[in-house]
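First up is the structure itself, then whatever we jot down about it.
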There are 2 protein chains.
Amino acid sequence: IDEEDPARLDELLEPMHAADIADVIENLSAARRRTFMSLWSGEIDGDILSEIDESIRDEIVELMPKSALADAVREMDSDDIVELIEELDEPEQQKVLDALDESDRAAVEQSLTYPEYSAGRMMQSEVVTAPEHWTVGETIDYLRNEDEHLPDQFYHVILVDPRRHPVGYVALGRLLSARRATPMRDITEDSFRPIDAFANEADVAYAFNQYHLISTPVVDEHDRLVGVITIDDAMEVLDDEHEEDILRLAGVGDESSISDTVVETLWQRLPWLGVNLATAILASFVIAMFEATISQIVALAVLMPIVASMGGNAGTQTLTVAVRALATKSLTGSNVWRVVAREAVVGVLNGLCFAVVMGVVAWIWFDGINLAGVIAIAMVVNLFVAALAGILVPLTLERVGADPALASGTFVTTVTDVVGFFAFLGLAQMVLL
Amino acid sequence: IDEEDPARLDELLEPMHAADIADVIENLSAARRRTFMSLWSGEIDGDILSEIDESIRDEIVELMPKSALADAVREMDSDDIVELIEELDEPEQQKVLDALDESDRAAVEQSLTYPEYSAGRMMQSEVVTAPEHWTVGETIDYLRNEDEHLPDQFYHVILVDPRRHPVGYVALGRLLSARRATPMRDITEDSFRPIDAFANEADVAYAFNQYHLISTPVVDEHDRLVGVITIDDAMEVLDDEHEEDILRLAGVGDESSISDTVVETLWQRLPWLGVNLATAILASFVIAMFEATISQIVALAVLMPIVASMGGNAGTQTLTVAVRALATKSLTGSNVWRVVAREAVVGVLNGLCFAVVMGVVAWIWFDGINLAGVIAIAMVVNLFVAALAGILVPLTLERVGADPALASGTFVTTVTDVVGFFAFLGLAQMVLL
């Protein structure tokens with residue numbers, strides 16, 4: 001469709017939501033995207049631009065004519081512009097900044113002074129405030145007069161003192177249902193909790209989720225109101241955090257996207273496969289220590305991957321639960337030892353179950369009661385160690401300030417491989433030779 | 001602290017947010033929780049009750065005195081009551097229903113007629129509506145008079161026709177900033193998209209995320225307004241879906257929680273470890289086919305886990321990216337073959353990289369150029385197969401209507417283990433003997 005006809009494109013895309021159009025653009029191949037942009041780039045508005053995935057934003061901004069870009073960014077809220085600019089290369093950044101009018105540019109540049117992944121980067125500077133001594137009637141009259149300058153979406157009116165410190169906020173539903181003479185101060189919400197502009201975005205998202213916030217004011221180091229964060233931004237961060245966790249657990253670069261090229265994908269995955277190769281070679285050294293034993297009893301070579309594989313799986317189960325619990329802050333000082341103890345007990349019980357099963361299988365298969373005993377004991381040992389590694393590795397990483405999702409998997413499977421091979425082959429050497 | 005003194009407990013918990021109190025209760029051990037409940041159960045209000053994790057709600061409701069429960073549920077919105085009731089056993093369900101007044105009970109029972117995980121279960125029946133022909137002034141006057149009966153939080157006024165079909169909605173911010181004489185119909189939002197009460201909750205959450213909705217009306221099979229879903233409910237579903245994905249990918253029961261007992265945890269994990277044992281034994285059969293070869297060249301036993309492990313890791317990487325892309329609907333018919341081709345190419349390139357590395361390592365370690373060649377070729381084959389399995393298995397599961405996160409991991413590692421061992425040992429038998 002996008003080979004020829006801009007009018008037909010218009011017709012097709014017209015009824016679609018900006019987010020869906022952005023998805024269409026993302027799903028085009030790189031070559032077709034260029035054709036698409038040459039036909040339709042003038043029509044890309046602010047809504048579409050803020051929905052487009054980071055990985056191709058640079059390309060899109062570069063291909064947009066200056067005038068279309070200026071129109072697009074002028075209708076965007078400052079938080080969306082900040083998000084757009086963050087991911088762009090230098091020349092495209094400048095192109096966007098030049099397209100802004102002065103007050104917007106000042107707001108965006110202010111936001112960019114806060115560290116990456118901070119509340120200051122998430123907030124929009126467009127806020128609706130009222131002096132703390134106003135009544136409901138005064139506020140409504142003011143809002144009617146300011147119609148032109150209000151943000152697209154807002155959910156609270158923030159009360160400020162003369163030095164612009166936020167002292168409370170009023171939900172619009174409350175404002176609408178109150179009598180005109182009611183002082184604003186009397187109908188503020190309990191959920192009011194201003195956020196420091198330097199706070200980490202993950203903590204902000206956690207607060208939104210935990211306290212069911214819709215919007216919350218952001219203050220600078222002098223407690224002065226500098227912006228507001230709304231729930232859609234928090235939802236996006238939450239989504240990104242989840243994505244990051246899941247990708248990191250699998251050892252994939254956390255910025256990976258379905259529209260990446262072959263080379264990008266390769267670079268994301270090679271490092272982790274490299275680490276895995278190193279740990280697999282480490283496990284091989286353990287096997288090599290028992291070469292003589294294996295050459296006498298080849299059944300050991302047949303059975304040894306089972307012990308390692310069960311350990312790896314059990315360790316990953318525990319690990320995943322632990323990483324999630326840490327991410328949702330439900331694994332804390334007060335219950336950590338109870339959870340560790342539970343995992344250890346579950347590890348031993350799992351081990352006993354599969355020791356019996358595997359013992360019987362090995363006995364029947366290789367007709368050796370001693371071999372059966374060896375694999376049974378190795379199974380218990382490895383599943384116990386897997387459980388401990390699965391919970392202690394992420395806890396340790398968290399304590400030293402690393403992301404527990406990032407490297408836990410590799411550590412845990414290294415431990416279960418090494419322990420699994422060592423326990424099984426070592427016991428076999430002692431018992432069977 | 002909770003051993004003795006209810007007054008001291010009051011003092012400590014008083015300033016805390018309901019969600020934090022719920023977390024405290026969840027983190028208590030079972031025995032201490034009973035003590036806690038005997039001291040403090042009368043103080044548990046609706047906010048706390050709706051924050052408490054499903055796994056212990058039953059216990060809490062059972063331990064609450066009838067009067068406290070009645071007070072608690074009376075202040076809850078109908079969607080929170082439905083969520084509470086869904087997870088309770090029969091006698092506790094009845095206890096909650098009895099505590100409700102008649103209109104609330106009718107709303108809750110209505111909601112429960114919709115299937116589990118549907119929009120009908122997520123919605124609250126408390127809605128704010130206005131006839132479509134009203135003006136801004138009429139609406140505001142009406143809201144002031146209805147003050148008592150309005151829900152705690154609402155973000156839109158829904159316009160309905162005389163047969164209660166929703167025809168549009170007006171954001172409160174817009175309502176506040178418009179002149180009193182403006183017809184409501186002139187200031188409705190573009191984002192209006194009513195949701196079918198039978199729609200799946202995951203699709204509802206997707207719509208909220210994709211279209212940045214704050215609240216959206218729910219209609220029954222006759223297109224009549226029956227309730228409204230707000231963003232906090234959607235955020236919760238999104239959170240649950242993520243949790244489910246991540247836990248299923250790791251082969252942990254998707255209802256697992258940090259406050260589960262040893263027995264619950266064991267039951268969640270045993271089935272998947274059992275499946276893994278079966279597939280590990282399958283891989284062992286492949287090794288057993290080559291027992292004679294291994295007994296002549298023990299180096300094969302040392303190196304074979306490396307090939308399998310690299311395949312498993314590469315497969316998991318691809319798989320995770322594919323499962324996430326399916327969950328976020330960014331892997332669709334239009335780009336599926338491009339993504340499959342990309343993964344296949346990345347698989348071969350990864351394979352070539354690690355074939356060179358592993359070839360050199362094997363050559364140096366065992367001083368055999370033929371062995372080095374065998375492991376290099378097996379590596380390329382297995383990483384290529386891993387990439388294909390990693391993308392095709394979840395796609396197939398999705399196509400047959402299964403959850404791609406659920407069983408993909410096991411399928412993929414089975415494929416990579418079997419292919420890895422077979423390619424390496426089979427080639428070795430042909431080349432080295």
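Naming works like this for the structure tokens: A, B, ... for the chains as they're shown, residue 1 at the start of each chain, ligands 1 onward in shown order.
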
(request) Determine which residues of range 182-349 of chain A DSSP labels as helix (DSSP H, G or I) from the backbone of this structure, then write them out as a PyMOL selection string. (result) chain A and resi 184-187+201-211+231-249+262-288+291-296+299-327+336-349

(message) Measuring between only C-alpha atoms, which one of A:Ile140, A:Val419, A:Met64, A:Ala280 shows the shortest distance to Arg180 in chain B?
(response) A:Ile140

(request) Would you kindly return, as an NGL selection string, each protein, DNA or RNA residue with an atom no farther than 12 Å from any atom of His222 in chain B, considering only C-alpha atoms and excluding same-chain residues fewer than 4 positions away? (result) :B and (163-166 or 196-198 or 218 or 226)

(request) List the neighbours of Gly120 in chain A out to 9 Å using only C-alpha atoms; skip same-chain residues closer than 3 positions along the sequence, and give me the result as a PyMOL selection string. (result) chain A and resi 110-117+123-124+196-199+201+218-220+226-227+229

Keeping only N, CA and C atoms, write those residues as a compact mmCIF listing (two decimals), in the first residue's frame.
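After the write, again09.txt holds the following:
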# COMPACT_ATOMS: atom_id res chain seq x y z
N GLN A 110 14.76 22.99 31.75
CA GLN A 110 14.72 22.82 33.20
C GLN A 110 14.62 21.34 33.56
N SER A 111 13.71 20.66 32.90
CA SER A 111 13.48 19.24 33.17
C SER A 111 14.73 18.43 32.89
N LEU A 112 15.44 18.80 31.82
CA LEU A 112 16.63 18.05 31.43
C LEU A 112 17.79 18.23 32.41
N THR A 113 17.69 19.24 33.31
CA THR A 113 18.76 19.39 34.29
C THR A 113 18.68 18.32 35.37
N TYR A 114 17.51 17.67 35.51
CA TYR A 114 17.42 16.59 36.50
C TYR A 114 18.02 15.32 35.93
N PRO A 115 18.51 14.44 36.82
CA PRO A 115 19.18 13.22 36.32
C PRO A 115 18.23 12.33 35.52
N GLU A 116 18.78 11.52 34.64
CA GLU A 116 17.99 10.55 33.89
C GLU A 116 17.27 9.63 34.87
N TYR A 117 16.11 9.15 34.49
CA TYR A 117 15.31 8.24 35.32
C TYR A 117 14.89 8.87 36.65
N MET A 123 8.06 14.51 34.93
CA MET A 123 6.98 15.47 35.21
C MET A 123 6.67 16.35 34.01
N GLN A 124 5.46 16.90 33.98
CA GLN A 124 5.18 17.96 33.04
C GLN A 124 5.13 19.25 33.83
N ASP A 196 9.88 14.31 45.41
CA ASP A 196 11.12 15.03 45.16
C ASP A 196 11.50 14.86 43.69
N ALA A 197 11.88 15.94 43.04
CA ALA A 197 12.24 15.87 41.62
C ALA A 197 13.42 14.95 41.37
N PHE A 198 14.21 14.70 42.41
CA PHE A 198 15.37 13.82 42.24
C PHE A 198 15.06 12.36 42.54
N ALA A 199 13.80 12.06 42.95
CA ALA A 199 13.43 10.69 43.26
C ALA A 199 13.56 9.81 42.03
N GLU A 201 12.62 7.12 39.23
CA GLU A 201 11.33 6.91 38.58
C GLU A 201 10.66 5.60 39.02
N VAL A 218 5.34 17.57 42.01
CA VAL A 218 6.78 17.36 42.13
C VAL A 218 7.40 18.65 42.66
N VAL A 219 8.30 18.50 43.63
CA VAL A 219 8.93 19.69 44.23
C VAL A 219 10.44 19.64 44.05
N ASP A 220 11.06 20.83 44.03
CA ASP A 220 12.52 20.89 43.90
C ASP A 220 13.17 20.85 45.28
N VAL A 226 7.44 22.33 41.05
CA VAL A 226 8.04 22.51 39.73
C VAL A 226 7.28 21.77 38.63
N GLY A 227 6.37 20.88 39.02
CA GLY A 227 5.63 20.16 37.98
C GLY A 227 4.70 19.14 38.59
N ILE A 229 3.35 14.88 38.03
CA ILE A 229 3.46 13.61 37.32
C ILE A 229 2.06 12.99 37.28

(request) Would you please work out which residue, of B:Trp40, B:Trp134, B:Trp272, B:Phe290, is nearest to Leu13 in chain B when using only C-alpha atoms? (result) B:Trp40

(request) Using only C-alpha atoms, determine which residues lie at most 10 Å from Val170 in chain B, disregarding the query and same-chain residues fewer than 5 positions distant; provide the list as a ChimeraX atom specification. (result) /B:129-130,136,155-159,175,184-190,192

(message) Using only C-alpha atoms for the distances, tell me which of A:Glu132, A:Asp80, A:Glu86, A:Asp152 is nearest to chain B.
(response)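 Between A:Glu132, A:Asp80, A:Glu86, A:Asp152, the residue approaching chain B most closely is A:Asp152.
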
(message) I'd like the interatomic distance between CA of Gln153 in chain B and CA of Ala207 in chain A, to a tenth of an Å.
(response)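 CA of Ala207 in chain A lies at a distance of 17.8 Å from CA of Gln153 in chain B.
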
(message) Could you list, as a list in words, every residue within 9 Å of range 17-29 of chain A, counting only C-alpha atoms and ignoring same-chain residues fewer than 5 positions away?
(response)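 Skipping anything fewer than 5 positions along the chain leaves Arg34, Phe36, Asp45, Gly46, Asp47, Ile48, Leu49, Ser50, Glu51, Ile52, Asp53, Ile56, Ile258 and Ser259 of chain A; Ser191, Gln210, Tyr211, Ser330, Leu331, Thr332, Ser334, Asn335 and Arg338 of chain B.
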
(message) Residues near Ser295 in chain B, anyone? I mean within 12 Å using only C-alpha atoms, not counting same-chain ones fewer than 5 positions away, as a ChimeraX atom specification.
(response) /A:291-302 /B:287-290,300-302,425,429,433

Write the residues of the preceding selection, restricted to N, CA and C atoms, as an mmCIF file, in the first residue's frame.
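The resulting file, out-v9.cif, is reproduced below:
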data_model
loop_
_atom_site.group_PDB
_atom_site.id
_atom_site.type_symbol
_atom_site.label_atom_id
_atom_site.label_comp_id
_atom_site.auth_asym_id
_atom_site.auth_seq_id
_atom_site.Cartn_x
_atom_site.Cartn_y
_atom_site.Cartn_z
ATOM 1 N N GLU A 291 37.097 -37.501 34.601
ATOM 2 C CA GLU A 291 37.186 -38.218 33.323
ATOM 3 C C GLU A 291 37.435 -39.700 33.516
ATOM 4 N N ALA A 292 38.324 -40.046 34.425
ATOM 5 C CA ALA A 292 38.684 -41.455 34.623
ATOM 6 C C ALA A 292 37.468 -42.253 35.079
ATOM 7 N N THR A 293 36.706 -41.663 36.010
ATOM 8 C CA THR A 293 35.511 -42.341 36.515
ATOM 9 C C THR A 293 34.500 -42.556 35.394
ATOM 10 N N ILE A 294 34.275 -41.501 34.580
ATOM 11 C CA ILE A 294 33.285 -41.605 33.509
ATOM 12 C C ILE A 294 33.698 -42.681 32.493
ATOM 13 N N SER A 295 35.003 -42.743 32.183
ATOM 14 C CA SER A 295 35.436 -43.718 31.177
ATOM 15 C C SER A 295 35.171 -45.144 31.665
ATOM 16 N N GLN A 296 35.092 -45.330 32.994
ATOM 17 C CA GLN A 296 34.777 -46.669 33.505
ATOM 18 C C GLN A 296 33.277 -46.920 33.588
ATOM 19 N N ILE A 297 32.507 -45.905 33.927
ATOM 20 C CA ILE A 297 31.048 -46.058 34.044
ATOM 21 C C ILE A 297 30.376 -45.014 33.156
ATOM 22 N N VAL A 298 30.093 -45.390 31.913
ATOM 23 C CA VAL A 298 29.570 -44.393 30.965
ATOM 24 C C VAL A 298 28.156 -43.945 31.356
ATOM 25 N N ALA A 299 27.449 -44.773 32.139
ATOM 26 C CA ALA A 299 26.119 -44.386 32.591
ATOM 27 C C ALA A 299 26.140 -43.015 33.293
ATOM 28 N N LEU A 300 27.274 -42.694 33.925
ATOM 29 C CA LEU A 300 27.387 -41.402 34.610
ATOM 30 C C LEU A 300 27.220 -40.253 33.614
ATOM 31 N N ALA A 301 27.824 -40.401 32.437
ATOM 32 C CA ALA A 301 27.707 -39.351 31.415
ATOM 33 C C ALA A 301 26.263 -39.203 30.950
ATOM 34 N N VAL A 302 25.556 -40.339 30.943
ATOM 35 C CA VAL A 302 24.162 -40.292 30.502
ATOM 36 C C VAL A 302 23.288 -39.566 31.520
ATOM 37 N N ILE B 287 21.784 -39.202 24.767
ATOM 38 C CA ILE B 287 23.177 -39.473 25.145
ATOM 39 C C ILE B 287 23.433 -40.978 25.165
ATOM 40 N N ALA B 288 22.452 -41.730 25.718
ATOM 41 C CA ALA B 288 22.620 -43.175 25.858
ATOM 42 C C ALA B 288 22.839 -43.849 24.500
ATOM 43 N N MET B 289 22.268 -43.245 23.432
ATOM 44 C CA MET B 289 22.473 -43.808 22.089
ATOM 45 C C MET B 289 23.954 -43.822 21.706
ATOM 46 N N PHE B 290 24.708 -42.937 22.348
ATOM 47 C CA PHE B 290 26.116 -42.806 21.955
ATOM 48 C C PHE B 290 27.070 -43.282 23.054
ATOM 49 N N LEU B 300 34.223 -36.140 25.013
ATOM 50 C CA LEU B 300 32.876 -35.809 24.552
ATOM 51 C C LEU B 300 31.943 -35.527 25.733
ATOM 52 N N ALA B 301 32.058 -36.338 26.791
ATOM 53 C CA ALA B 301 31.220 -36.153 27.971
ATOM 54 C C ALA B 301 31.524 -34.819 28.644
ATOM 55 N N VAL B 302 32.797 -34.418 28.563
ATOM 56 C CA VAL B 302 33.188 -33.151 29.189
ATOM 57 C C VAL B 302 32.601 -31.967 28.414
ATOM 58 N N LEU B 425 27.201 -35.414 19.524
ATOM 59 C CA LEU B 425 27.635 -36.808 19.658
ATOM 60 C C LEU B 425 27.537 -37.546 18.320
ATOM 61 N N GLN B 429 30.652 -39.283 16.421
ATOM 62 C CA GLN B 429 30.690 -40.702 16.051
ATOM 63 C C GLN B 429 31.119 -40.865 14.587
ATOM 64 N N LEU B 433 35.408 -41.636 14.976
ATOM 65 C CA LEU B 433 35.645 -43.080 15.143
ATOM 66 C C LEU B 433 36.105 -43.725 13.841
#

Using backbone DSSP assignments, extract all strand (DSSP E or B) residues from range 2-145 of chain A; output them as a PDB file with N, CA, C and O atoms, in the first residue's frame.
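Full text of selection_14.pdb as output:
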ATOM      1  N   SER A 118      14.809  10.216  36.723  1.00  0.00           N
ATOM      2  CA  SER A 118      14.336  10.853  37.946  1.00  0.00           C
ATOM      3  C   SER A 118      12.916  11.375  37.722  1.00  0.00           C
ATOM      4  O   SER A 118      12.448  11.490  36.593  1.00  0.00           O
ATOM      5  N   GLN A 124       5.459  16.895  33.983  1.00  0.00           N
ATOM      6  CA  GLN A 124       5.182  17.960  33.042  1.00  0.00           C
ATOM      7  C   GLN A 124       5.127  19.251  33.826  1.00  0.00           C
ATOM      8  O   GLN A 124       4.705  19.290  34.987  1.00  0.00           O
ATOM      9  N   THR A 129      -2.675  25.441  39.537  1.00  0.00           N
ATOM     10  CA  THR A 129      -2.550  25.746  40.958  1.00  0.00           C
ATOM     11  C   THR A 129      -3.584  26.784  41.367  1.00  0.00           C
ATOM     12  O   THR A 129      -4.162  27.477  40.526  1.00  0.00           O
ATOM     13  N   ALA A 130      -3.803  26.884  42.684  1.00  0.00           N
ATOM     14  CA  ALA A 130      -4.647  27.937  43.225  1.00  0.00           C
ATOM     15  C   ALA A 130      -4.052  28.354  44.573  1.00  0.00           C
ATOM     16  O   ALA A 130      -3.490  27.513  45.274  1.00  0.00           O
ATOM     17  N   PRO A 131      -4.132  29.634  44.935  1.00  0.00           N
ATOM     18  CA  PRO A 131      -3.671  30.057  46.258  1.00  0.00           C
ATOM     19  C   PRO A 131      -4.447  29.307  47.342  1.00  0.00           C
ATOM     20  O   PRO A 131      -5.641  29.037  47.174  1.00  0.00           O
ATOM     21  N   THR A 135     -11.608  30.021  47.587  1.00  0.00           N
ATOM     22  CA  THR A 135     -12.786  29.167  47.754  1.00  0.00           C
ATOM     23  C   THR A 135     -13.009  28.395  46.455  1.00  0.00           C
ATOM     24  O   THR A 135     -12.382  28.669  45.436  1.00  0.00           O
TER      25      THR A 135
END

(request) Rank nothing, just name the residue among A:Val160, A:Ala250, A:Ala72, A:Val380 nearest to chain B, using only C-alpha atoms. (result)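 Ranking A:Val160, A:Ala250, A:Ala72, A:Val380 by distance to chain B, first place goes to A:Ala250.
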
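Between CA of Val356 in chain B and CA of Thr416 in chain B there is a distance of 19.5 Å.
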
(request) Just give me the gap between CA of Arg74 in chain A and CA of Leu100 in chain A in Å, one decimal is fine. (result)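 Computing it gives 6.2 Å between the two atoms.
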
(message) Using only C-alpha atoms for the distances, tell me which of A:Ala181, A:Val108, A:Leu388, A:Leu266 is nearest to chain B.
(response) A:Leu266
